[in-house]
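Just model03.cif here, mmCIF, C-alpha atoms:
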data_final
loop_
_atom_site.label_atom_id
_atom_site.label_comp_id
_atom_site.auth_asym_id
_atom_site.auth_seq_id
_atom_site.Cartn_x
_atom_site.Cartn_y
_atom_site.Cartn_z
CA MET A 1 -30.73 23.14 61.56
CA THR A 2 -28.83 25.19 58.96
CA GLN A 3 -29.92 28.81 58.82
CA PRO A 4 -30.69 30.16 55.31
CA THR A 5 -28.11 32.49 53.88
CA PRO A 6 -29.40 36.08 53.87
CA VAL A 7 -29.81 37.58 50.42
CA PHE A 8 -28.97 41.24 49.93
CA VAL A 9 -31.39 43.10 47.64
CA ARG A 10 -30.56 46.68 46.77
CA GLN A 11 -33.50 48.98 47.41
CA GLY A 12 -32.19 52.22 45.90
CA ALA A 13 -29.99 53.52 43.09
CA THR A 14 -26.23 53.46 43.47
CA ALA A 15 -24.58 56.84 43.83
CA PRO A 16 -22.71 57.93 40.69
CA ARG A 17 -18.95 57.53 40.77
CA PRO A 18 -16.40 59.62 38.90
CA ALA A 19 -14.97 58.25 35.66
CA PRO A 20 -11.54 56.57 35.91
CA VAL A 21 -8.60 58.82 35.24
CA ALA A 22 -7.10 58.11 31.82
CA LEU A 23 -3.49 56.99 32.01
CA SER A 24 -1.35 59.13 29.77
CA ARG A 25 1.42 57.14 28.04
CA PRO A 26 3.88 58.29 25.42
CA LEU A 27 2.96 57.50 21.83
CA TRP A 28 6.00 55.30 21.29
CA LEU A 29 4.96 53.13 24.25
CA LEU A 30 1.44 52.78 22.84
CA LEU A 31 2.84 51.73 19.45
CA PHE A 32 5.70 49.43 20.48
CA GLY A 33 5.04 48.37 24.07
CA ASP A 34 8.39 49.11 25.70
CA MET A 35 11.67 50.87 25.05
CA ALA A 36 13.53 47.76 23.84
CA SER A 37 10.83 46.95 21.26
CA ALA A 38 10.78 50.56 20.10
CA ALA A 39 14.56 50.61 19.70
CA MET A 40 14.60 47.34 17.74
CA THR A 41 11.76 48.49 15.47
CA LEU A 42 13.47 51.80 14.81
CA ALA A 43 16.75 50.04 14.02
CA GLY A 44 14.95 47.73 11.60
CA LEU A 45 13.27 50.65 9.84
CA LEU A 46 16.58 52.50 9.53
CA ALA A 47 18.26 49.39 8.09
CA LEU A 48 15.42 49.01 5.59
CA VAL A 49 15.68 52.65 4.55
CA TRP A 50 19.43 52.24 4.10
CA MET A 51 19.11 49.00 2.11
CA LEU A 52 16.23 50.01 -0.16
CA PRO A 53 18.19 52.41 -2.43
CA HIS A 54 20.99 49.85 -2.85
CA LEU A 55 18.48 47.11 -3.61
CA LEU A 56 16.68 49.24 -6.20
CA SER A 57 19.99 50.18 -7.78
CA TRP A 58 21.05 46.53 -8.02
CA ALA A 59 17.72 45.12 -9.16
CA VAL A 60 16.28 47.88 -11.38
CA VAL A 61 18.67 50.69 -12.24
CA ASN A 62 21.73 48.55 -13.03
CA GLY A 63 19.84 45.33 -13.76
CA VAL A 64 20.46 43.56 -17.07
CA TRP A 65 17.16 42.48 -18.66
CA SER A 66 18.43 41.15 -21.98
CA GLY A 67 21.66 39.94 -23.55
CA GLY A 68 24.16 37.25 -22.64
CA GLY A 69 26.82 36.51 -20.09
CA ASP A 70 29.09 39.36 -21.18
CA GLU A 71 26.43 41.96 -20.52
CA CYS A 72 25.86 40.51 -17.05
CA ARG A 73 29.44 40.90 -15.89
CA GLN A 74 28.68 44.04 -13.89
CA ALA A 75 27.33 45.00 -10.50
CA GLY A 76 23.64 44.86 -11.42
CA ALA A 77 21.24 41.95 -11.29
CA CYS A 78 21.36 39.52 -14.22
CA TRP A 79 17.68 39.03 -15.02
CA ALA A 80 18.66 38.02 -18.56
CA PHE A 81 19.94 34.74 -17.10
CA LEU A 82 16.48 33.91 -15.78
CA ALA A 83 14.90 34.90 -19.09
CA GLN A 84 17.02 32.33 -20.92
CA LYS A 85 17.37 29.64 -18.25
CA TYR A 86 13.86 29.50 -16.78
CA PRO A 87 12.92 26.37 -18.79
CA GLN A 88 15.86 24.52 -17.25
CA ILE A 89 15.10 25.86 -13.77
CA LEU A 90 11.43 24.92 -13.96
CA PHE A 91 11.72 21.61 -15.86
CA GLY A 92 15.33 20.43 -15.44
CA ILE A 93 16.84 18.53 -18.38
CA TYR A 94 13.48 17.40 -19.72
CA PRO A 95 13.72 17.38 -23.57
CA PRO A 96 12.94 20.94 -24.76
CA ALA A 97 10.68 19.71 -27.57
CA GLU A 98 8.53 17.83 -25.01
CA GLN A 99 8.37 20.48 -22.28
CA TRP A 100 4.70 21.06 -22.96
CA ARG A 101 4.13 17.84 -21.05
CA PRO A 102 5.55 19.02 -17.68
CA VAL A 103 3.70 22.30 -18.22
CA ALA A 104 0.47 20.32 -18.61
CA VAL A 105 1.28 18.31 -15.47
CA CYS A 106 1.81 21.48 -13.40
CA VAL A 107 -1.41 23.00 -14.73
CA LEU A 108 -3.29 19.76 -14.02
CA ILE A 109 -2.08 19.49 -10.42
CA LEU A 110 -2.68 23.16 -9.65
CA GLY A 111 -6.10 22.99 -11.31
CA LEU A 112 -7.09 19.99 -9.20
CA GLY A 113 -5.87 21.84 -6.13
CA LEU A 114 -8.00 24.89 -6.93
CA TRP A 115 -11.01 22.67 -7.61
CA SER A 116 -10.60 20.98 -4.24
CA LEU A 117 -10.54 24.22 -2.23
CA ALA A 118 -14.32 24.64 -2.08
CA PRO A 119 -15.87 22.39 0.61
CA ARG A 120 -18.81 21.67 -1.70
CA ASN A 121 -16.35 19.76 -3.94
CA TRP A 122 -15.25 17.36 -1.18
CA THR A 123 -16.94 14.41 -2.82
CA ARG A 124 -16.00 10.99 -4.14
CA MET A 125 -15.87 12.51 -7.61
CA THR A 126 -13.03 14.78 -6.48
CA ILE A 127 -11.13 11.77 -5.13
CA GLY A 128 -11.61 10.07 -8.49
CA LEU A 129 -10.41 13.19 -10.28
CA TRP A 130 -7.26 13.28 -8.14
CA VAL A 131 -6.51 9.60 -8.74
CA GLY A 132 -7.09 9.93 -12.47
CA GLY A 133 -5.17 13.20 -12.65
CA MET A 134 -2.10 11.83 -10.85
CA LEU A 135 -2.04 8.71 -13.03
CA ALA A 136 -2.40 10.94 -16.11
CA SER A 137 0.53 13.02 -14.81
CA LEU A 138 2.77 9.96 -14.70
CA VAL A 139 1.70 9.03 -18.22
CA LEU A 140 2.40 12.53 -19.51
CA MET A 141 5.80 12.74 -17.84
CA GLY A 142 6.94 9.22 -18.74
CA GLY A 143 5.38 8.82 -22.17
CA GLY A 144 5.71 5.57 -24.06
CA VAL A 145 1.96 5.38 -24.68
CA LEU A 146 -0.56 7.32 -26.75
CA GLY A 147 2.18 8.29 -29.15
CA LEU A 148 4.19 10.16 -26.51
CA LYS A 149 7.96 9.90 -26.67
CA PRO A 150 9.39 7.94 -23.70
CA VAL A 151 11.29 10.09 -21.21
CA PRO A 152 13.14 8.33 -18.36
CA THR A 153 12.71 9.58 -14.81
CA SER A 154 16.38 10.60 -14.81
CA ALA A 155 15.37 13.43 -17.17
CA TRP A 156 12.48 14.60 -15.00
CA GLY A 157 13.15 17.65 -12.90
CA GLY A 158 12.15 21.05 -11.64
CA LEU A 159 8.69 22.06 -10.50
CA PRO A 160 6.88 18.90 -11.72
CA ILE A 161 9.08 16.72 -9.50
CA THR A 162 8.35 18.97 -6.50
CA LEU A 163 4.59 18.84 -7.09
CA LEU A 164 4.45 15.13 -7.93
CA LEU A 165 6.48 14.03 -4.91
CA THR A 166 4.48 16.27 -2.59
CA VAL A 167 1.06 15.14 -3.81
CA TRP A 168 1.94 11.45 -4.10
CA SER A 169 3.68 11.27 -0.69
CA LEU A 170 0.79 13.02 1.06
CA GLY A 171 -1.87 11.10 -0.87
CA LEU A 172 -0.31 7.73 -0.09
CA GLY A 173 0.84 8.70 3.39
CA PHE A 174 -2.48 9.99 4.73
CA PRO A 175 -4.37 6.64 4.66
CA LEU A 176 -1.32 4.96 6.20
CA ALA A 177 -1.20 7.71 8.84
CA VAL A 178 -4.85 7.09 9.74
CA LEU A 179 -4.13 3.39 10.24
CA LEU A 180 -1.06 4.13 12.36
CA ALA A 181 -2.93 6.67 14.50
CA LEU A 182 -5.83 4.31 15.08
CA GLY A 183 -3.45 1.43 15.69
CA ARG A 184 -1.52 3.41 18.29
CA ARG A 185 -4.75 4.00 20.22
CA ALA A 186 -5.99 0.43 19.81
CA GLY A 187 -6.67 -1.71 22.84
CA LEU A 188 -4.92 -4.78 21.43
CA PRO A 189 -1.17 -4.85 22.17
CA VAL A 190 0.03 -6.13 18.76
CA PRO A 191 -1.33 -3.28 16.57
CA ARG A 192 -0.57 -0.71 19.28
CA TYR A 193 3.09 -1.62 19.75
CA LEU A 194 3.60 -2.22 16.03
CA SER A 195 2.25 1.26 15.25
CA ILE A 196 4.35 2.82 18.01
CA GLY A 197 7.48 1.12 16.68
CA ILE A 198 6.92 2.28 13.10
CA ILE A 199 6.08 5.85 14.09
CA GLU A 200 8.96 6.28 16.52
CA LEU A 201 11.46 4.66 14.16
CA ILE A 202 10.55 6.87 11.20
CA ARG A 203 10.29 10.05 13.28
CA GLY A 204 13.63 9.28 14.90
CA LEU A 205 15.45 9.19 11.56
CA PRO A 206 16.06 12.27 9.39
CA LEU A 207 14.60 12.16 5.90
CA LEU A 208 18.08 12.51 4.46
CA SER A 209 19.17 9.23 6.04
CA LEU A 210 16.06 7.47 4.70
CA LEU A 211 16.84 8.79 1.23
CA PHE A 212 20.41 7.49 1.53
CA ILE A 213 19.04 4.10 2.58
CA ALA A 214 16.70 4.11 -0.43
CA SER A 215 19.51 5.20 -2.74
CA ILE A 216 22.44 3.07 -1.53
CA LEU A 217 21.36 0.22 0.74
CA LEU A 218 18.13 -0.80 -0.95
CA PRO A 219 19.76 -1.69 -4.32
CA ILE A 220 22.31 -3.80 -2.44
CA MET A 221 19.61 -5.77 -0.59
CA LEU A 222 17.61 -6.51 -3.75
CA PRO A 223 18.23 -9.73 -5.70
CA GLU A 224 20.53 -9.54 -8.68
CA GLY A 225 18.76 -8.24 -11.75
CA VAL A 226 16.00 -6.55 -9.74
CA SER A 227 16.01 -2.75 -9.54
CA ILE A 228 13.59 -0.08 -8.39
CA ASP A 229 13.33 3.27 -10.10
CA LYS A 230 14.92 6.07 -8.07
CA LEU A 231 11.73 8.12 -8.23
CA VAL A 232 9.84 5.26 -6.57
CA ARG A 233 12.57 4.94 -3.94
CA ALA A 234 12.40 8.64 -3.09
CA LEU A 235 8.61 8.49 -3.03
CA ALA A 236 8.65 5.53 -0.65
CA ALA A 237 10.93 7.36 1.81
CA MET A 238 8.85 10.54 1.70
CA THR A 239 5.61 8.58 2.07
CA LEU A 240 6.86 6.88 5.23
CA VAL A 241 7.96 10.21 6.71
CA SER A 242 4.66 11.94 5.90
CA ALA A 243 2.69 9.00 7.30
CA ALA A 244 4.63 8.97 10.59
CA TYR A 245 4.32 12.69 11.21
CA ILE A 246 0.68 12.94 10.13
CA ALA A 247 -0.13 9.94 12.35
CA GLU A 248 1.12 11.80 15.41
CA VAL A 249 -0.87 14.88 14.42
CA LEU A 250 -4.02 12.79 14.03
CA ARG A 251 -3.40 11.04 17.34
CA GLY A 252 -3.53 14.41 19.06
CA GLY A 253 -6.86 15.10 17.39
CA LEU A 254 -8.23 11.68 18.37
CA GLN A 255 -7.28 12.24 21.99
CA ALA A 256 -9.23 15.52 21.98
CA ILE A 257 -12.51 13.80 21.06
CA PRO A 258 -14.67 13.30 24.18
CA ARG A 259 -15.52 9.71 25.09
CA GLY A 260 -19.17 10.64 24.97
CA GLN A 261 -19.02 10.84 21.16
CA ASN A 262 -18.26 7.12 20.94
CA GLU A 263 -20.87 6.29 23.54
CA ALA A 264 -23.51 8.30 21.68
CA ALA A 265 -22.62 6.54 18.43
CA GLN A 266 -22.93 3.15 20.09
CA ALA A 267 -26.32 4.16 21.48
CA LEU A 268 -27.42 4.94 17.92
CA GLY A 269 -26.37 1.47 16.80
CA LEU A 270 -23.27 2.47 14.80
CA ASN A 271 -20.42 -0.02 14.61
CA TRP A 272 -16.74 0.84 15.15
CA TRP A 273 -16.00 1.58 11.50
CA GLN A 274 -19.05 3.81 11.07
CA THR A 275 -18.25 5.66 14.29
CA THR A 276 -14.66 6.25 13.23
CA ARG A 277 -15.45 7.28 9.66
CA LEU A 278 -18.51 9.43 10.28
CA ILE A 279 -17.97 10.91 13.74
CA VAL A 280 -14.47 10.56 15.17
CA LEU A 281 -12.15 11.21 12.21
CA PRO A 282 -13.96 14.31 10.85
CA GLN A 283 -13.83 15.96 14.28
CA ALA A 284 -10.20 14.93 14.85
CA ILE A 285 -9.05 16.32 11.51
CA ALA A 286 -10.90 19.59 12.13
CA LYS A 287 -9.08 19.99 15.46
CA VAL A 288 -5.59 19.49 14.02
CA ILE A 289 -5.71 21.67 10.90
CA PRO A 290 -2.83 23.98 12.06
CA PRO A 291 -0.28 21.20 12.78
CA LEU A 292 -1.48 19.28 9.73
CA THR A 293 -0.81 22.37 7.60
CA SER A 294 2.69 22.63 9.04
CA THR A 295 3.36 19.01 8.09
CA ILE A 296 2.16 19.60 4.52
CA ILE A 297 4.39 22.68 4.18
CA VAL A 298 7.37 20.73 5.55
CA MET A 299 6.77 17.99 2.98
CA VAL A 300 6.73 20.59 0.17
CA LYS A 301 10.13 21.83 1.29
CA ASN A 302 11.50 18.33 1.95
CA THR A 303 11.38 17.63 -1.79
CA SER A 304 14.59 19.67 -2.06
CA LEU A 305 16.46 16.71 -0.49
CA VAL A 306 15.78 14.21 -3.28
CA LEU A 307 19.01 15.20 -5.03
CA VAL A 308 20.73 12.47 -2.99
CA VAL A 309 18.90 9.83 -5.06
CA GLY A 310 19.71 11.57 -8.35
CA LEU A 311 16.46 13.50 -8.85
CA PHE A 312 16.52 17.17 -9.79
CA ASP A 313 13.74 19.00 -8.00
CA LEU A 314 13.16 22.75 -8.33
CA LEU A 315 16.12 23.73 -6.17
CA SER A 316 18.48 21.17 -7.73
CA ALA A 317 17.48 22.20 -11.25
CA GLY A 318 18.28 25.81 -10.36
CA ARG A 319 21.71 24.77 -9.10
CA ALA A 320 22.34 22.84 -12.31
CA ALA A 321 21.42 25.89 -14.39
CA LEU A 322 24.02 27.93 -12.51
CA ALA A 323 26.77 25.59 -13.72
CA ASP A 324 26.76 27.15 -17.22
CA PRO A 325 30.26 28.65 -17.71
CA ASP A 326 28.97 31.23 -20.20
CA TRP A 327 27.19 33.08 -17.43
CA PRO A 328 28.61 34.78 -14.30
CA ALA A 329 26.64 32.50 -11.94
CA PRO A 330 23.86 34.87 -10.76
CA PHE A 331 23.12 32.97 -7.55
CA ALA A 332 20.97 35.67 -5.94
CA GLU A 333 18.60 36.05 -8.89
CA THR A 334 18.14 32.29 -9.33
CA TYR A 335 17.54 31.61 -5.66
CA LEU A 336 15.14 34.56 -5.45
CA LEU A 337 13.04 32.98 -8.22
CA ILE A 338 13.09 29.58 -6.51
CA ALA A 339 12.28 31.13 -3.13
CA LEU A 340 9.37 33.02 -4.68
CA ILE A 341 7.88 29.79 -6.06
CA TYR A 342 8.26 27.99 -2.72
CA PHE A 343 6.79 30.98 -0.90
CA ILE A 344 3.74 31.12 -3.18
CA LEU A 345 3.08 27.40 -2.66
CA CYS A 346 3.59 27.38 1.11
CA PHE A 347 1.88 30.70 1.80
CA SER A 348 -1.15 29.68 -0.25
CA ILE A 349 -1.45 26.42 1.70
CA SER A 350 -1.12 28.31 4.99
CA ARG A 351 -3.75 30.93 4.16
CA TYR A 352 -6.22 28.35 2.88
CA ALA A 353 -5.77 26.28 6.04
CA ARG A 354 -6.37 29.38 8.14
CA TRP A 355 -9.56 30.13 6.23
CA LEU A 356 -10.70 26.53 6.60
CA GLU A 357 -9.98 26.57 10.33
CA LEU A 358 -12.04 29.73 10.83
CA ARG A 359 -14.88 28.32 8.74
CA MET A 360 -14.99 25.12 10.76
CA SER A 361 -14.79 26.96 14.07
CA ARG A 362 -17.76 29.15 13.09
CA GLY A 363 -19.68 26.03 12.13
CA ALA A 364 -18.85 24.38 15.45
CA ALA A 365 -19.92 27.51 17.37
CA ARG A 366 -23.37 27.29 15.83
#
I need this file expressed as structure tokens, please.
Amino acid sequence: MTQPTPVFVRQGATAPRPAPVALSRPLWLLLFGDMASAAMTLAGLLALVWMLPHLLSWAVVNGVWSGGGDECRQAGACWAFLAQKYPQILFGIYPPAEQWRPVAVCVLILGLGLWSLAPRNWTRMTIGLWVGGMLASLVLMGGGVLGLKPVPTSAWGGLPITLLLTVWSLGLGFPLAVLLALGRRAGLPVPRYLSIGIIELIRGLPLLSLLFIASILLPIMLPEGVSIDKLVRALAAMTLVSAAYIAEVLRGGLQAIPRGQNEAAQALGLNWWQTTRLIVLPQAIAKVIPPLTSTIIVMVKNTSLVLVVGLFDLLSAGRAALADPDWPAPFAETYLLIALIYFILCFSISRYARWLELRMSRGAAR
């Protein structure tokens, strides 16, 4: 017979023990961790201190804020170039008299984005607003109706192209990504292997090669007299890429859902579609917000590759503006403006995703 394990119960108070001796460490070790990190940090600070006066001298003291190309032929920054060329950088070769239309498109897209930030606005009405807003954007940019002057897609460019391609590729790619992710986890071999083939094929090809296929090979394979607009071709390539990458992100989220969630839904009488839509997908998306954010940011920056199909996005429009022979080609100033716009877009997406992740994690902890 097994003897019971004796239980020790303390009968008296424990004798007091002396406090631990505080370890004295140098201040630089407390701040930087080790000698190598301290040396690298100090070197970076010294380089910054050395560069800052030169940068201020170039950008502010000797900077040219007004005038033409002759005034800019000196060592300072040529901000006057941006003051005169910003319409071309932001809107490409869109007709100057009609540039209020791309301005309205940018305001519309950014306004819809701000409206969609609040979780209380995640309703069917918001989806309808996005669909209507994106269709209205195409009407505004293209014209030909409602008394608007027709403008071909070859004249579209700049920031509107970047925003339109990003929103359309993600909006069309996300439903396709959901189907591919669910198909890859399906029990039937046909949808599973078909989804695996599509995902691995698209992810195994660089976006640049897909854009070349859309630009060069696709017109050759079409029947004579049939053509597809180059904006649609670029959008198709970017949609496939976004769908393939988002599908893999969602698959990781689906694999993290415990099997008990499906079993509980079946016990409640929910069918497969109701279980997926109401229980599985919301939890999977909440688990993959960080990688999903990275994919969205990558798609924003991938719009800079559409020059290969003849579209002038924000970066390409800036390069075209630098080709003016009357100016001394201020590359640094132009690229700083373009980098600032990309940074604002990507950083805003990243911070919002971080806030959303924290909000959902607090809700799950409750």
*In Å, with one decimal, what is the gap from CA of Pro328 in chain A to CA of Leu90 in chain A?*
19.8 Å
*Determine, counting all atoms listed in the file, which protein, DNA and RNA residues have an atom within 10 Å of an atom of range 146-161 of chain A; residues of the same chain fewer than 6 positions away are not included. Present the result as a PyMOL selection string.*
chain A and resi 87-95+98+101-107+109+137-140+167+229-232+303-304+306+310-318+338+341-342
Dump C-alpha atoms for the selected residues as a compact mmCIF listing (two decimals), in the frame of the given file?
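out-v1.txt was written with the following content:
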# COMPACT_ATOMS: atom_id res chain seq x y z
CA PRO A 87 12.92 26.37 -18.79
CA GLN A 88 15.86 24.52 -17.25
CA ILE A 89 15.10 25.86 -13.77
CA LEU A 90 11.43 24.92 -13.96
CA PHE A 91 11.72 21.61 -15.86
CA GLY A 92 15.33 20.43 -15.44
CA ILE A 93 16.84 18.53 -18.38
CA TYR A 94 13.48 17.40 -19.72
CA PRO A 95 13.72 17.38 -23.57
CA GLU A 98 8.53 17.83 -25.01
CA ARG A 101 4.13 17.84 -21.05
CA PRO A 102 5.55 19.02 -17.68
CA VAL A 103 3.70 22.30 -18.22
CA ALA A 104 0.47 20.32 -18.61
CA VAL A 105 1.28 18.31 -15.47
CA CYS A 106 1.81 21.48 -13.40
CA VAL A 107 -1.41 23.00 -14.73
CA ILE A 109 -2.08 19.49 -10.42
CA SER A 137 0.53 13.02 -14.81
CA LEU A 138 2.77 9.96 -14.70
CA VAL A 139 1.70 9.03 -18.22
CA LEU A 140 2.40 12.53 -19.51
CA VAL A 167 1.06 15.14 -3.81
CA ASP A 229 13.33 3.27 -10.10
CA LYS A 230 14.92 6.07 -8.07
CA LEU A 231 11.73 8.12 -8.23
CA VAL A 232 9.84 5.26 -6.57
CA THR A 303 11.38 17.63 -1.79
CA SER A 304 14.59 19.67 -2.06
CA VAL A 306 15.78 14.21 -3.28
CA GLY A 310 19.71 11.57 -8.35
CA LEU A 311 16.46 13.50 -8.85
CA PHE A 312 16.52 17.17 -9.79
CA ASP A 313 13.74 19.00 -8.00
CA LEU A 314 13.16 22.75 -8.33
CA LEU A 315 16.12 23.73 -6.17
CA SER A 316 18.48 21.17 -7.73
CA ALA A 317 17.48 22.20 -11.25
CA GLY A 318 18.28 25.81 -10.36
CA ILE A 338 13.09 29.58 -6.51
CA ILE A 341 7.88 29.79 -6.06
CA TYR A 342 8.26 27.99 -2.72
*Find the residues with any atom within 9 Å of (-12.8, 20.7, 10.5); use only C-alpha atoms and the coordinates as given in the file, and write the answer as a ChimeraX atom specification.*
/A:282-289,356-357,359-361,363-364
*Quick one: pull the distance between CA of Lys301 in chain A and CA of Gly253 in chain A, Å, one decimal.*
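For CA of Lys301 in chain A relative to CA of Gly253 in chain A, the distance reads 24.4 Å.
Checking A:Cys346, A:Ala323, A:Leu235, A:Leu278 one by one against Gly171 in chain A, counting all atoms listed in the file, you find the shortest gap at A:Leu235.
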Would you compute, for all listed atoms of range 113-131 of chain A, the axis-aligned bounding box grown by 4 Å on each side, and then report its centre and edge lengths in Å rounded to one decimal, as JSON?
{"center_x": -12.3, "center_y": 17.2, "center_z": -4.8, "size_x": 20.9, "size_y": 23.3, "size_z": 18.9}
*asked:* Given the PyMOL selection byres ((chain A and resi 244) around 8) and the file above, list the residues it selects as a VMD selection string.
replied: chain A and resid 177 180 198 to 200 202 to 203 240 to 243 245 to 248
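Relative to CA of Ile257 in chain A, CA of Val280 in chain A is found at 7.0 Å.
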*Residue nearest Leu163 in chain A - candidates A:Ala43, A:Met299, A:Ala339, A:Leu188, atoms counted: all atoms listed in the file*: A:Met299
*asked:* Please determine, counting all atoms listed in the file, which residue among A:Ile344, A:Pro330, A:Ala267, A:Ser169 has the shortest atom-to-atom distance to Val64 in chain A.
replied: A:Pro330
*Determine the residue membership of the PyMOL selection byres ((chain A and resi 78-81) around 7) for the file above and supply it as number ranges by chain.*
A: 63-68, 72, 76-77, 82-85, 330, 333
Please complete range 239-254 of chain A so it has N, CA and C atoms, and hand it over as a tab-separated table (two decimals), in the frame of the given file.
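Listing of rebuild-v5.tsv after writing:
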chain	number	residue	atom	x	y	z
A	239	THR	N	6.92	9.05	1.62
A	239	THR	CA	5.61	8.58	2.07
A	239	THR	C	5.67	8.09	3.51
A	240	LEU	N	6.71	7.36	3.86
A	240	LEU	CA	6.86	6.88	5.23
A	240	LEU	C	7.00	8.05	6.20
A	241	VAL	N	7.77	9.06	5.82
A	241	VAL	CA	7.96	10.21	6.71
A	241	VAL	C	6.64	10.97	6.89
A	242	SER	N	5.94	11.22	5.79
A	242	SER	CA	4.66	11.94	5.90
A	242	SER	C	3.66	11.14	6.72
A	243	ALA	N	3.63	9.82	6.54
A	243	ALA	CA	2.69	9.00	7.30
A	243	ALA	C	2.99	9.04	8.79
A	244	ALA	N	4.27	8.97	9.17
A	244	ALA	CA	4.63	8.97	10.59
A	244	ALA	C	4.28	10.29	11.26
A	245	TYR	N	4.58	11.39	10.60
A	245	TYR	CA	4.32	12.69	11.21
A	245	TYR	C	2.82	13.01	11.23
A	246	ILE	N	2.12	12.69	10.15
A	246	ILE	CA	0.68	12.94	10.13
A	246	ILE	C	-0.03	12.05	11.16
A	247	ALA	N	0.48	10.83	11.36
A	247	ALA	CA	-0.13	9.94	12.35
A	247	ALA	C	-0.07	10.55	13.75
A	248	GLU	N	1.03	11.17	14.10
A	248	GLU	CA	1.12	11.80	15.41
A	248	GLU	C	0.20	13.01	15.51
A	249	VAL	N	0.06	13.74	14.42
A	249	VAL	CA	-0.87	14.88	14.42
A	249	VAL	C	-2.30	14.38	14.61
A	250	LEU	N	-2.66	13.33	13.89
A	250	LEU	CA	-4.02	12.79	14.03
A	250	LEU	C	-4.26	12.19	15.41
A	251	ARG	N	-3.23	11.60	15.99
A	251	ARG	CA	-3.40	11.04	17.34
A	251	ARG	C	-3.76	12.13	18.34
A	252	GLY	N	-3.15	13.30	18.19
A	252	GLY	CA	-3.53	14.41	19.06
A	252	GLY	C	-4.99	14.81	18.87
A	253	GLY	N	-5.46	14.80	17.63
A	253	GLY	CA	-6.86	15.10	17.39
A	253	GLY	C	-7.79	14.04	17.94
A	254	LEU	N	-7.40	12.77	17.83
A	254	LEU	CA	-8.23	11.68	18.37
A	254	LEU	C	-8.33	11.75	19.89
